[in-house]
$ cat run_2.txt   # compact mmCIF, C-alpha atoms
# COMPACT_ATOMS: atom_id res chain seq x y z
CA MET Z 1 -61.38 31.13 8.02
CA LYS Z 2 -60.26 31.04 11.64
CA ASP Z 3 -57.38 28.64 12.29
CA ARG Z 4 -55.65 29.19 15.61
CA ILE Z 5 -53.10 26.53 16.57
CA SER Z 6 -51.69 25.91 20.06
CA THR Z 7 -49.15 23.15 20.78
CA ARG Z 8 -47.16 22.13 23.82
CA THR Z 9 -45.21 19.19 25.21
CA LEU Z 10 -45.92 18.31 28.84
CA PRO Z 11 -43.08 17.44 31.27
CA ASN Z 12 -43.97 13.72 30.95
CA GLY Z 13 -43.34 13.88 27.18
CA LEU Z 14 -46.93 13.95 25.91
CA THR Z 15 -47.61 16.44 23.10
CA TYR Z 16 -50.91 18.17 22.43
CA CYS Z 17 -52.27 20.31 19.62
CA VAL Z 18 -55.46 22.35 19.96
CA ARG Z 19 -56.73 23.76 16.67
CA GLU Z 20 -59.51 26.33 16.95
CA THR Z 21 -61.28 26.67 13.59
CA ASP Z 22 -64.66 27.74 12.30
CA ILE Z 23 -64.49 25.64 9.12
CA GLU Z 24 -67.16 23.32 10.57
CA GLN Z 25 -69.39 24.33 13.44
CA SER Z 26 -71.39 21.15 13.92
CA GLY Z 27 -68.89 19.19 15.98
CA VAL Z 28 -65.38 18.73 17.35
CA MET Z 29 -62.81 16.03 16.56
CA LEU Z 30 -60.45 14.63 19.17
CA SER Z 31 -57.66 12.12 18.67
CA LEU Z 32 -55.04 10.21 20.57
CA ALA Z 33 -52.14 9.51 18.20
CA LEU Z 34 -49.29 7.17 19.10
CA LYS Z 35 -45.93 6.49 17.47
CA VAL Z 36 -46.48 2.76 17.53
CA GLY Z 37 -47.73 0.39 14.84
CA SER Z 38 -47.11 -2.97 13.23
CA LEU Z 39 -43.40 -2.21 12.66
CA HIS Z 40 -42.96 -2.33 16.44
CA GLU Z 41 -44.13 -5.95 16.62
CA SER Z 42 -41.75 -8.88 16.99
CA ASP Z 43 -41.70 -11.78 14.50
CA SER Z 44 -44.32 -13.65 16.53
CA GLU Z 45 -46.63 -10.66 17.11
CA ASN Z 46 -47.98 -9.59 13.69
CA GLY Z 47 -51.47 -8.30 14.46
CA LEU Z 48 -50.84 -7.50 18.12
CA ALA Z 49 -50.95 -3.70 17.62
CA HIS Z 50 -54.27 -4.15 15.78
CA VAL Z 51 -55.72 -6.25 18.62
CA VAL Z 52 -54.61 -3.65 21.19
CA GLU Z 53 -56.40 -0.98 19.12
CA HIS Z 54 -59.65 -3.00 19.08
CA MET Z 55 -59.36 -3.75 22.79
CA SER Z 56 -58.92 -0.06 23.49
CA LEU Z 57 -62.12 0.72 21.59
CA VAL Z 58 -64.42 -1.34 23.82
CA PHE Z 59 -65.64 1.97 25.23
CA ASP Z 60 -67.47 2.38 21.91
CA LYS Z 61 -68.61 -1.23 21.70
CA TYR Z 62 -70.13 -1.08 25.18
CA ARG Z 63 -71.12 2.62 25.11
CA TYR Z 64 -68.98 3.91 27.97
CA TYR Z 65 -70.28 7.46 27.44
CA ALA Z 66 -71.99 9.97 29.68
CA ASP Z 67 -75.74 9.48 29.46
CA ASP Z 68 -76.42 12.52 27.29
CA VAL Z 69 -73.19 12.52 25.20
CA HIS Z 70 -73.39 10.95 21.76
CA CYS Z 71 -70.09 10.48 19.96
CA ARG Z 72 -68.70 8.63 16.94
CA SER Z 73 -65.31 6.95 17.13
CA ILE Z 74 -62.85 5.11 14.91
CA GLY Z 75 -59.45 3.50 15.34
CA LEU Z 76 -56.56 3.05 12.91
CA THR Z 77 -53.51 0.80 13.09
CA ASP Z 78 -50.81 1.50 10.50
CA PHE Z 79 -47.18 0.54 10.05
CA ASP Z 80 -45.86 3.42 12.18
CA ARG Z 81 -48.88 4.74 14.08
CA THR Z 82 -52.04 3.96 16.00
CA VAL Z 83 -54.74 6.62 16.06
CA TYR Z 84 -58.02 6.88 17.96
CA VAL Z 85 -60.48 9.54 16.77
CA ILE Z 86 -63.68 10.71 18.46
CA LYS Z 87 -66.14 13.16 16.90
CA CYS Z 88 -68.40 14.71 19.49
CA PRO Z 89 -70.90 17.58 19.76
CA LYS Z 90 -69.66 21.13 20.20
CA SER Z 91 -70.14 21.41 23.96
CA SER Z 92 -67.77 21.70 26.89
CA LYS Z 93 -69.24 18.59 28.50
CA ALA Z 94 -68.81 16.46 25.37
CA ILE Z 95 -65.22 17.63 24.76
CA ARG Z 96 -64.27 17.06 28.39
CA HIS Z 97 -65.76 13.57 28.32
CA GLY Z 98 -64.01 12.77 25.01
CA ILE Z 99 -60.66 13.76 26.52
CA PHE Z 100 -61.47 11.59 29.55
CA ILE Z 101 -62.07 8.61 27.19
CA LEU Z 102 -58.75 9.23 25.41
CA LYS Z 103 -56.99 9.15 28.77
CA GLN Z 104 -58.61 5.78 29.60
CA ILE Z 105 -57.27 4.45 26.27
CA ALA Z 106 -53.82 5.85 27.08
CA ILE Z 107 -53.63 4.12 30.47
CA GLY Z 108 -55.24 0.87 29.30
CA ASN Z 109 -58.43 0.96 31.36
CA TYR Z 110 -60.53 -0.50 28.54
CA ILE Z 111 -58.29 -3.55 28.05
CA LYS Z 112 -60.36 -6.12 29.93
CA ILE Z 113 -59.90 -9.88 29.94
CA GLU Z 114 -63.67 -10.54 30.00
CA VAL Z 115 -64.03 -9.16 26.45
CA PHE Z 116 -60.70 -10.45 25.07
CA ASP Z 117 -62.03 -13.51 23.23
CA GLU Z 118 -64.87 -11.57 21.64
CA ILE Z 119 -62.59 -8.73 20.51
CA LYS Z 120 -60.02 -11.15 19.12
CA GLN Z 121 -62.77 -12.82 17.09
CA ASP Z 122 -63.81 -9.40 15.75
CA VAL Z 123 -60.23 -8.77 14.59
CA LEU Z 124 -59.98 -12.22 12.97
CA GLU Z 125 -63.20 -11.63 11.04
CA GLU Z 126 -61.84 -8.30 9.81
CA VAL Z 127 -58.55 -9.91 8.74
CA VAL Z 128 -60.30 -12.73 6.85
CA THR Z 129 -62.74 -10.33 5.20
CA ASN Z 130 -59.98 -8.01 4.00
CA GLN Z 131 -57.39 -10.57 2.88
CA GLY Z 132 -58.61 -10.28 -0.71
CA GLY Z 133 -59.17 -6.52 -0.53
CA ARG Z 134 -57.51 -4.30 -3.08
CA LYS Z 135 -55.36 -2.33 -0.61
CA ASN Z 136 -54.10 -5.53 0.99
CA GLN Z 137 -53.23 -7.03 -2.41
CA VAL Z 138 -51.46 -3.85 -3.54
CA PHE Z 139 -49.34 -3.78 -0.37
CA LYS Z 140 -48.36 -7.43 -0.77
CA ILE Z 141 -47.10 -6.71 -4.29
CA ILE Z 142 -45.39 -3.40 -3.57
CA PHE Z 143 -43.73 -4.68 -0.39
CA LYS Z 144 -42.90 -8.10 -1.84
CA GLN Z 145 -39.14 -7.79 -1.28
CA SER Z 146 -39.26 -5.74 1.92
CA PHE Z 147 -39.54 -6.06 5.68
CA TYR Z 148 -42.98 -4.42 5.52
CA LYS Z 149 -44.62 -7.57 4.12
CA THR Z 150 -43.94 -9.35 7.42
CA ARG Z 151 -45.67 -6.59 9.40
CA MET Z 152 -48.93 -5.90 7.58
CA PRO Z 153 -50.94 -3.64 9.95
CA MET Z 154 -54.05 -5.82 9.88
CA GLY Z 155 -52.02 -8.79 11.09
CA ASP Z 156 -51.51 -12.47 10.39
CA GLU Z 157 -54.50 -14.74 10.98
CA GLU Z 158 -52.59 -17.60 12.61
CA VAL Z 159 -50.58 -15.28 14.86
CA ILE Z 160 -53.73 -13.49 16.05
CA LYS Z 161 -55.44 -16.82 16.86
CA ASN Z 162 -52.60 -17.66 19.27
CA LEU Z 163 -52.25 -14.28 21.00
CA SER Z 164 -52.83 -14.20 24.75
CA PHE Z 165 -54.35 -11.48 26.90
CA GLU Z 166 -50.99 -11.18 28.67
CA GLN Z 167 -49.34 -10.26 25.35
CA VAL Z 168 -51.93 -7.55 24.77
CA LYS Z 169 -51.34 -6.05 28.21
CA ALA Z 170 -47.55 -6.24 27.81
CA PHE Z 171 -47.62 -4.55 24.39
CA HIS Z 172 -49.76 -1.71 25.75
CA GLU Z 173 -47.51 -1.20 28.77
CA LYS Z 174 -44.36 -1.23 26.62
CA TRP Z 175 -45.41 1.17 23.88
CA TYR Z 176 -48.31 3.30 25.20
CA THR Z 177 -46.08 5.78 27.03
CA PRO Z 178 -46.59 9.58 27.22
CA ASP Z 179 -43.48 10.35 25.15
CA ARG Z 180 -45.10 8.44 22.24
CA MET Z 181 -48.51 10.13 22.56
CA ALA Z 182 -50.19 13.24 21.22
CA VAL Z 183 -53.67 14.53 21.98
CA ASN Z 184 -55.20 16.57 19.14
CA VAL Z 185 -58.44 18.55 19.31
CA VAL Z 186 -59.86 20.35 16.26
CA GLY Z 187 -63.07 22.37 15.92
CA ASP Z 188 -65.03 25.46 16.81
CA LEU Z 189 -63.97 25.50 20.44
CA ARG Z 190 -62.47 27.61 23.23
CA THR Z 191 -58.73 26.99 23.16
CA ASP Z 192 -57.96 27.89 26.78
CA GLU Z 193 -60.77 25.68 28.07
CA VAL Z 194 -59.66 22.66 26.02
CA ILE Z 195 -56.03 23.08 27.08
CA THR Z 196 -57.18 23.02 30.71
CA PHE Z 197 -59.11 19.78 30.07
CA ILE Z 198 -56.07 18.13 28.43
CA GLU Z 199 -53.54 19.19 31.05
CA THR Z 200 -55.87 18.20 33.90
CA GLU Z 201 -56.30 14.67 32.52
CA PHE Z 202 -52.85 13.93 31.05
CA SER Z 203 -50.33 15.76 33.24
CA SER Z 204 -50.70 13.01 35.84
CA LEU Z 205 -49.46 10.28 33.48
CA PRO Z 206 -46.03 9.19 34.75
CA CYS Z 207 -42.93 9.55 32.61
CA SER Z 208 -41.75 6.30 31.09
CA SER Z 209 -38.93 4.90 33.21
CA ASN Z 210 -38.17 1.93 30.95
CA ALA Z 211 -38.98 3.34 27.51
CA PRO Z 212 -37.67 1.19 24.63
CA ASP Z 213 -34.78 2.41 22.54
CA SER Z 214 -35.64 4.80 19.73
CA PHE Z 215 -37.17 2.98 16.80
CA ASN Z 216 -36.20 3.59 13.18
CA ARG Z 217 -39.48 3.71 11.26
CA CYS Z 218 -37.86 4.00 7.82
CA TYR Z 219 -37.05 0.66 6.23
CA GLN Z 220 -35.66 0.34 2.72
CA LEU Z 221 -38.35 -1.11 0.45
CA ASN Z 222 -35.87 -2.85 -1.89
CA LEU Z 223 -38.18 -2.76 -4.90
CA GLU Z 224 -37.16 -4.94 -7.80
CA VAL Z 225 -36.16 -2.89 -10.84
CA GLU Z 226 -37.30 -5.34 -13.51
CA PRO Z 227 -40.89 -5.09 -14.83
CA ILE Z 228 -43.53 -6.61 -12.55
CA LYS Z 229 -47.01 -7.29 -13.83
CA LYS Z 230 -49.66 -8.88 -11.66
CA VAL Z 231 -53.28 -9.44 -12.52
CA ILE Z 232 -55.48 -9.79 -9.45
CA THR Z 233 -59.21 -9.80 -8.86
CA SER Z 234 -61.29 -6.71 -8.31
CA TRP Z 235 -65.04 -6.29 -8.63
CA GLY Z 236 -67.05 -5.05 -11.58
CA VAL Z 237 -64.33 -3.04 -13.35
CA ASN Z 238 -61.06 -3.41 -15.20
CA HIS Z 239 -58.56 -1.20 -13.46
CA ILE Z 240 -54.84 -0.56 -13.97
CA GLU Z 241 -52.61 1.00 -11.33
CA ALA Z 242 -49.02 1.88 -12.23
CA TYR Z 243 -46.47 2.92 -9.60
CA LEU Z 244 -43.20 4.70 -10.27
CA SER Z 245 -40.79 4.81 -7.34
CA CYS Z 246 -39.14 8.12 -6.46
CA MET Z 247 -36.85 8.46 -3.44
CA ILE Z 248 -36.97 11.99 -2.01
CA PRO Z 249 -34.03 12.79 0.30
CA GLY Z 250 -34.63 14.87 3.40
CA LYS Z 251 -37.88 16.13 4.85
CA ASN Z 252 -40.93 16.99 2.80
CA HIS Z 253 -41.67 20.68 2.39
CA ILE Z 254 -44.14 22.89 0.56
CA LYS Z 255 -42.02 23.29 -2.59
CA ASN Z 256 -41.69 19.51 -2.94
CA GLU Z 257 -45.44 19.13 -2.40
CA VAL Z 258 -46.30 21.78 -5.01
CA CYS Z 259 -43.85 20.28 -7.53
CA HIS Z 260 -45.33 16.82 -7.01
CA ASN Z 261 -48.89 18.05 -7.50
CA ILE Z 262 -48.08 19.99 -10.67
CA LEU Z 263 -45.96 17.17 -12.11
CA ALA Z 264 -48.78 14.67 -11.49
CA ALA Z 265 -51.22 16.98 -13.28
CA LEU Z 266 -48.83 17.40 -16.23
CA ILE Z 267 -48.24 13.65 -16.60
CA GLU Z 268 -51.99 13.06 -16.36
CA LYS Z 269 -52.61 15.51 -19.22
CA ALA Z 270 -49.88 13.93 -21.34
CA CYS Z 271 -51.15 10.38 -20.76
CA ILE Z 272 -54.79 11.25 -21.46
CA HIS Z 273 -53.78 12.93 -24.73
CA ALA Z 274 -51.70 9.89 -25.75
CA LEU Z 275 -54.43 7.40 -24.83
CA ARG Z 276 -57.00 9.31 -26.86
CA ASP Z 277 -54.66 9.49 -29.85
CA SER Z 278 -54.29 5.70 -29.59
CA ASN Z 279 -58.09 5.25 -29.63
CA VAL Z 280 -58.02 3.43 -26.28
CA GLU Z 281 -61.41 3.50 -24.55
CA PHE Z 282 -61.15 4.45 -20.91
CA SER Z 283 -63.64 5.97 -18.50
CA PHE Z 284 -61.36 7.35 -15.76
CA PHE Z 285 -57.74 8.45 -15.46
CA SER Z 286 -55.97 10.00 -12.50
CA SER Z 287 -52.39 10.62 -11.47
CA SER Z 288 -51.12 11.56 -8.02
CA PHE Z 289 -48.14 11.15 -5.72
CA VAL Z 290 -48.56 8.93 -2.68
CA ASN Z 291 -46.18 8.45 0.21
CA PHE Z 292 -45.71 4.84 1.33
CA ILE Z 293 -44.42 4.52 4.87
CA ASN Z 294 -42.74 7.90 4.95
CA CYS Z 295 -39.61 6.89 3.06
CA HIS Z 296 -40.69 6.40 -0.57
CA TRP Z 297 -42.75 8.56 -2.88
CA PHE Z 298 -44.66 6.84 -5.66
CA LEU Z 299 -46.38 8.33 -8.66
CA ARG Z 300 -49.65 6.42 -8.83
CA VAL Z 301 -51.46 6.26 -12.16
CA GLN Z 302 -55.01 4.85 -12.23
CA ILE Z 303 -56.98 3.95 -15.36
CA VAL Z 304 -60.46 2.43 -15.39
CA TYR Z 305 -61.53 0.84 -18.68
CA SER Z 306 -64.29 -1.43 -19.90
CA MET Z 307 -62.51 -3.97 -22.13
CA GLY Z 308 -59.44 -6.18 -21.97
CA LEU Z 309 -57.03 -3.50 -23.15
CA HIS Z 310 -54.45 -3.49 -20.37
CA GLU Z 311 -51.49 -4.55 -22.54
CA LYS Z 312 -52.22 -1.75 -25.03
CA ILE Z 313 -52.73 0.80 -22.25
CA ILE Z 314 -49.42 -0.19 -20.64
CA ASP Z 315 -47.63 0.20 -23.98
CA VAL Z 316 -49.08 3.72 -24.36
CA ILE Z 317 -48.05 4.72 -20.82
CA LYS Z 318 -44.57 3.32 -21.30
CA GLY Z 319 -44.25 5.24 -24.54
CA ILE Z 320 -45.32 8.54 -23.03
CA LEU Z 321 -43.01 8.12 -20.01
CA ASP Z 322 -40.09 7.29 -22.30
CA SER Z 323 -40.86 10.41 -24.33
CA ILE Z 324 -41.06 12.58 -21.20
CA GLN Z 325 -37.72 11.22 -20.06
CA LYS Z 326 -35.99 11.90 -23.39
CA ASP Z 327 -37.73 15.08 -24.51
CA SER Z 328 -39.31 17.70 -22.24
CA TRP Z 329 -41.79 19.23 -24.67
CA PHE Z 330 -44.66 17.03 -23.41
CA LEU Z 331 -44.45 18.76 -20.04
CA LYS Z 332 -43.16 22.14 -21.13
CA SER Z 333 -46.09 22.81 -23.45
CA ASP Z 334 -48.61 22.58 -20.56
CA PHE Z 335 -46.48 23.83 -17.67
CA GLU Z 336 -47.54 27.49 -17.61
CA GLU Z 337 -51.22 26.62 -18.06
CA THR Z 338 -51.15 24.08 -15.21
CA LYS Z 339 -49.25 26.48 -12.97
CA GLN Z 340 -51.90 29.14 -13.61
CA GLU Z 341 -54.71 26.67 -12.81
CA TYR Z 342 -53.16 25.98 -9.40
CA LEU Z 343 -52.69 29.69 -8.71
CA GLU Z 344 -56.33 30.43 -9.51
CA TYR Z 345 -57.47 27.50 -7.36
CA PHE Z 346 -55.75 28.86 -4.24
CA ILE Z 347 -56.21 32.59 -4.88
CA SER Z 348 -59.97 32.13 -5.36
CA LYS Z 349 -60.12 30.14 -2.09
CA ALA Z 350 -61.86 27.32 -3.95
CA HIS Z 351 -59.67 24.98 -1.87
CA LEU Z 352 -61.81 25.77 1.18
CA ARG Z 353 -64.58 23.63 -0.32
CA ASP Z 354 -62.29 20.60 0.00
CA LEU Z 355 -61.38 21.26 3.61
CA GLY Z 356 -62.99 19.78 6.69
CA LEU Z 357 -62.20 18.90 10.28
CA SER Z 358 -60.77 15.55 9.17
CA SER Z 359 -58.20 17.26 6.89
CA LEU Z 360 -57.07 19.61 9.63
CA MET Z 361 -56.92 16.70 12.08
CA GLU Z 362 -54.68 14.74 9.70
CA GLU Z 363 -52.29 17.70 9.53
CA SER Z 364 -52.19 17.84 13.33
CA ILE Z 365 -51.46 14.10 13.59
CA ASP Z 366 -48.73 14.24 10.90
CA HIS Z 367 -47.22 17.17 12.79
CA PHE Z 368 -46.60 14.75 15.67
CA ILE Z 369 -45.90 11.47 13.84
CA LEU Z 370 -43.70 12.84 11.04
CA ASP Z 371 -42.39 16.01 12.70
CA VAL Z 372 -44.00 18.10 9.94
CA PRO Z 373 -44.13 21.81 10.89
CA ILE Z 374 -47.74 22.86 11.42
CA ILE Z 375 -48.93 26.35 10.50
CA SER Z 376 -52.34 27.95 10.12
CA TYR Z 377 -54.13 27.10 6.91
CA GLU Z 378 -54.15 30.70 5.69
CA GLN Z 379 -50.36 30.87 6.16
CA LYS Z 380 -49.96 27.57 4.35
CA ILE Z 381 -52.01 28.73 1.36
CA ARG Z 382 -50.03 31.97 1.17
CA ARG Z 383 -46.82 29.91 1.05
CA TYR Z 384 -48.35 27.71 -1.66
CA ILE Z 385 -49.17 30.79 -3.75
CA ASN Z 386 -45.67 32.24 -3.31
CA VAL Z 387 -44.03 28.93 -4.27
CA ILE Z 388 -46.25 28.50 -7.35
CA GLU Z 389 -45.56 32.07 -8.50
CA ASP Z 390 -41.80 31.47 -8.25
CA LEU Z 391 -41.88 27.96 -9.74
CA LEU Z 392 -39.82 27.43 -12.88
CA TYR Z 393 -40.05 24.67 -15.41
CA VAL Z 394 -36.55 23.54 -14.43
CA ASP Z 395 -37.91 22.57 -10.97
CA ILE Z 396 -40.42 20.22 -12.59
CA ARG Z 397 -37.82 18.86 -14.99
CA ILE Z 398 -35.42 17.99 -12.16
CA LEU Z 399 -38.18 16.10 -10.34
CA THR Z 400 -39.16 14.31 -13.56
CA GLN Z 401 -35.59 13.16 -14.16
CA GLN Z 402 -35.37 11.90 -10.59
CA LEU Z 403 -38.70 10.09 -10.89
CA LEU Z 404 -37.97 8.44 -14.23
CA ARG Z 405 -34.43 7.32 -13.48
CA PHE Z 406 -35.77 3.76 -13.57
CA GLU Z 407 -36.98 2.51 -16.95
CA ASP Z 408 -39.60 0.18 -15.52
CA CYS Z 409 -42.83 0.61 -13.59
CA LEU Z 410 -44.73 -1.63 -11.21
CA TYR Z 411 -48.07 -2.49 -12.85
CA ILE Z 412 -50.97 -3.89 -10.89
CA ILE Z 413 -53.97 -4.89 -13.00
CA PHE Z 414 -57.39 -5.59 -11.50
CA GLN Z 415 -59.80 -7.56 -13.67
CA GLY Z 416 -63.52 -7.54 -13.08
CA ASN Z 417 -64.12 -11.03 -14.48
CA GLY Z 418 -63.15 -12.70 -11.23
CA GLN Z 419 -60.13 -14.50 -12.71
CA ILE Z 420 -56.62 -14.24 -11.27
CA SER Z 421 -53.74 -14.50 -13.70
CA HIS Z 422 -50.19 -13.23 -14.07
CA GLY Z 423 -48.81 -11.07 -16.85
CA SER Z 424 -45.43 -11.65 -18.40
$ encode --input "run_2.txt" --output "structure tokens"
Amino acid sequence: MKDRISTRTLPNGLTYCVRETDIEQSGVMLSLALKVGSLHESDSENGLAHVVEHMSLVFDKYRYYADDVHCRSIGLTDFDRTVYVIKCPKSSKAIRHGIFILKQIAIGNYIKIEVFDEIKQDVLEEVVTNQGGRKNQVFKIIFKQSFYKTRMPMGDEEVIKNLSFEQVKAFHEKWYTPDRMAVNVVGDLRTDEVITFIETEFSSLPCSSNAPDSFNRCYQLNLEVEPIKKVITSWGVNHIEAYLSCMIPGKNHIKNEVCHNILAALIEKACIHALRDSNVEFSFFSSSFVNFINCHWFLRVQIVYSMGLHEKIIDVIKGILDSIQKDSWFLKSDFEETKQEYLEYFISKAHLRDLGLSSLMEESIDHFILDVPIISYEQKIRRYINVIEDLLYVDIRILTQQLLRFEDCLYIIFQGNGQISHGS
């Protein structure tokens, strides 16, 4: 696999990353990533970053493309970032035109008053449609006691209704500055040519003369420690999600990532064994670490089942977590086997089946947003293999003790019968 990475920061503060790879040869992905999101909104602006994103995407709504260039685009507004992604054909003309479009987004050329009311209505419809969505409901519960709840990325319906075009323009001018931007291009391309395209378009952007003070993107979540059980509506299935909070000091690195993955696999094996011994019928179980807003790690446990068994399932999970906390044999018995499975997965290069341009693009964006060091994928896999080979059970045990220092979990239960109720 070819994976050549070139990065640079221009004198005006804009960063770019060009990633030349042959993992997919059908197209090229381009993105403009910005260190701005809903956390940068004032109390009366929740939803403004989302509206600016939609306004900036009118090039797609009204097909502002070259006649013979066909692209697909998507935008994302999150708590700490806004990202615009374009996937275009593998041709110099298409890449050059995609970079031109990203520059127009950067300087605000697509924010037009004549489409403001229509775009705002689009955003409102999206907000209303997703208010009862599972992700939105999970965030409201997890962030119940935190600042994040007041800055949900999708926005507040009433606030969005009252936003003016002048607010949209002002928000763009304040936060869309070169020092907060990165241009990322990933695909089977010619690196030198793409760098020329980027520097030609973006070097002319002026440095920000009145840039806002640095913004602290890490807010304390202030999760309650006592048990929280909520039952909310989903569709067609009964589904339990359990979250265990785990603060990880310092920056993430490969050893932490490997330890998290192996610990999640070990806990998954232990829970599945315990559920089967308890004769609980379930059709799906998974366990993985997720990172909420770059300051908390959560172990997320998901169980899909077909009957009203959530109280029994919770009791089983609580029992197994208590046992893991008090006695290590649940993990120790499967540690070497799980470690070997991970080694074989990477050594055999089976991981390449799971890769794609989107995965490599996410790494490039995180490199800018989170200051995560970016290396070629082959180098990264070699580091993974070295870490796994040197991993000891004590590393997993330390992480387990840190994770389970709280006795209680946050349980979110989705019921497919359409009823909303609250557990005790």
$ residues_around --input "run_2.txt" --residues "Phe335 (chain Z)" --least-positions-apart "5" --cutoff "9 Å" --atoms "all atoms listed in the file" --output "PyMOL selection string"
chain Z and resi 262-263+266+340+392-393+396
$ residues_around --input "run_2.txt" --residues "Ile365 (chain Z)" --least-positions-apart "2" --cutoff "9 Å" --atoms "only C-alpha atoms" --output "mmCIF file with C-alpha atoms, in the frame of the given file"
data_model
loop_
_atom_site.group_PDB
_atom_site.id
_atom_site.type_symbol
_atom_site.label_atom_id
_atom_site.label_comp_id
_atom_site.auth_asym_id
_atom_site.auth_seq_id
_atom_site.Cartn_x
_atom_site.Cartn_y
_atom_site.Cartn_z
ATOM 1 C CA CYS Z 17 -52.270 20.310 19.620
ATOM 2 C CA SER Z 31 -57.660 12.120 18.670
ATOM 3 C CA LEU Z 32 -55.040 10.210 20.570
ATOM 4 C CA ALA Z 33 -52.140 9.510 18.200
ATOM 5 C CA VAL Z 83 -54.740 6.620 16.060
ATOM 6 C CA ALA Z 182 -50.190 13.240 21.220
ATOM 7 C CA VAL Z 183 -53.670 14.530 21.980
ATOM 8 C CA ASN Z 184 -55.200 16.570 19.140
ATOM 9 C CA LEU Z 360 -57.070 19.610 9.630
ATOM 10 C CA MET Z 361 -56.920 16.700 12.080
ATOM 11 C CA GLU Z 362 -54.680 14.740 9.700
ATOM 12 C CA GLU Z 363 -52.290 17.700 9.530
ATOM 13 C CA HIS Z 367 -47.220 17.170 12.790
ATOM 14 C CA PHE Z 368 -46.600 14.750 15.670
ATOM 15 C CA ILE Z 369 -45.900 11.470 13.840
ATOM 16 C CA LEU Z 370 -43.700 12.840 11.040
#
$ atom_distance --input "run_2.txt" --atom1 "CA of Leu30 (chain Z)" --atom2 "CA of Ser73 (chain Z)"
9.3 Å
$ closest_residue --input "run_2.txt" --among "Z:Ile313, Z:Cys259, Z:Ala270, Z:Met307" --to "Tyr384 (chain Z)" --atoms "only C-alpha atoms"
Z:Cys259
$ atom_distance --input "run_2.txt" --atom1 "CA of Ser92 (chain Z)" --atom2 "CA of Val28 (chain Z)"
10.3 Å
$ atom_distance --input "run_2.txt" --atom1 "CA of Ser333 (chain Z)" --atom2 "CA of Ile314 (chain Z)"
23.4 Å
$ closest_residue --input "run_2.txt" --among "Z:Arg353, Z:His273, Z:His296, Z:Lys120" --to "Ser245 (chain Z)" --atoms "all atoms listed in the file"
Z:His296
$ residues_around --input "run_2.txt" --residues "region 126-137 of chain Z" --least-positions-apart "3" --cutoff "8 Å" --atoms "only C-alpha atoms" --output "PyMOL selection string"
chain Z and resi 122-123+140-141+154-157+232+234
$ residues_around --input "run_2.txt" --residues "Lys380 (chain Z)" --least-positions-apart "4" --cutoff "12 Å" --atoms "only C-alpha atoms" --output "PyMOL selection string"
chain Z and resi 3+253-255+257-258+346+351+360+363+373-376+384-387
$ closest_residue --input "run_2.txt" --among "Z:Leu391, Z:Leu124, Z:Leu76, Z:Ile320" --to "Val159 (chain Z)" --atoms "all atoms listed in the file"
Z:Leu124
$ closest_residue --input "run_2.txt" --among "Z:Ser26, Z:Phe202, Z:Ser91, Z:Ser146" --to "Gln104 (chain Z)" --atoms "all atoms listed in the file"
Z:Phe202
$ residues_around --input "run_2.txt" --residues "Asp322 (chain Z)" --least-positions-apart "4" --cutoff "9 Å" --atoms "all atoms listed in the file" --output "count of residues only"
6
$ closest_residue --input "run_2.txt" --among "Z:Lys149, Z:Arg4, Z:Arg383, Z:His40" --to "His172 (chain Z)" --atoms "all atoms listed in the file"
Z:His40
$ closest_residue --input "run_2.txt" --among "Z:Phe165, Z:Ile267, Z:Ala49, Z:Thr7" --to "Lys332 (chain Z)" --atoms "only C-alpha atoms"
Z:Ile267
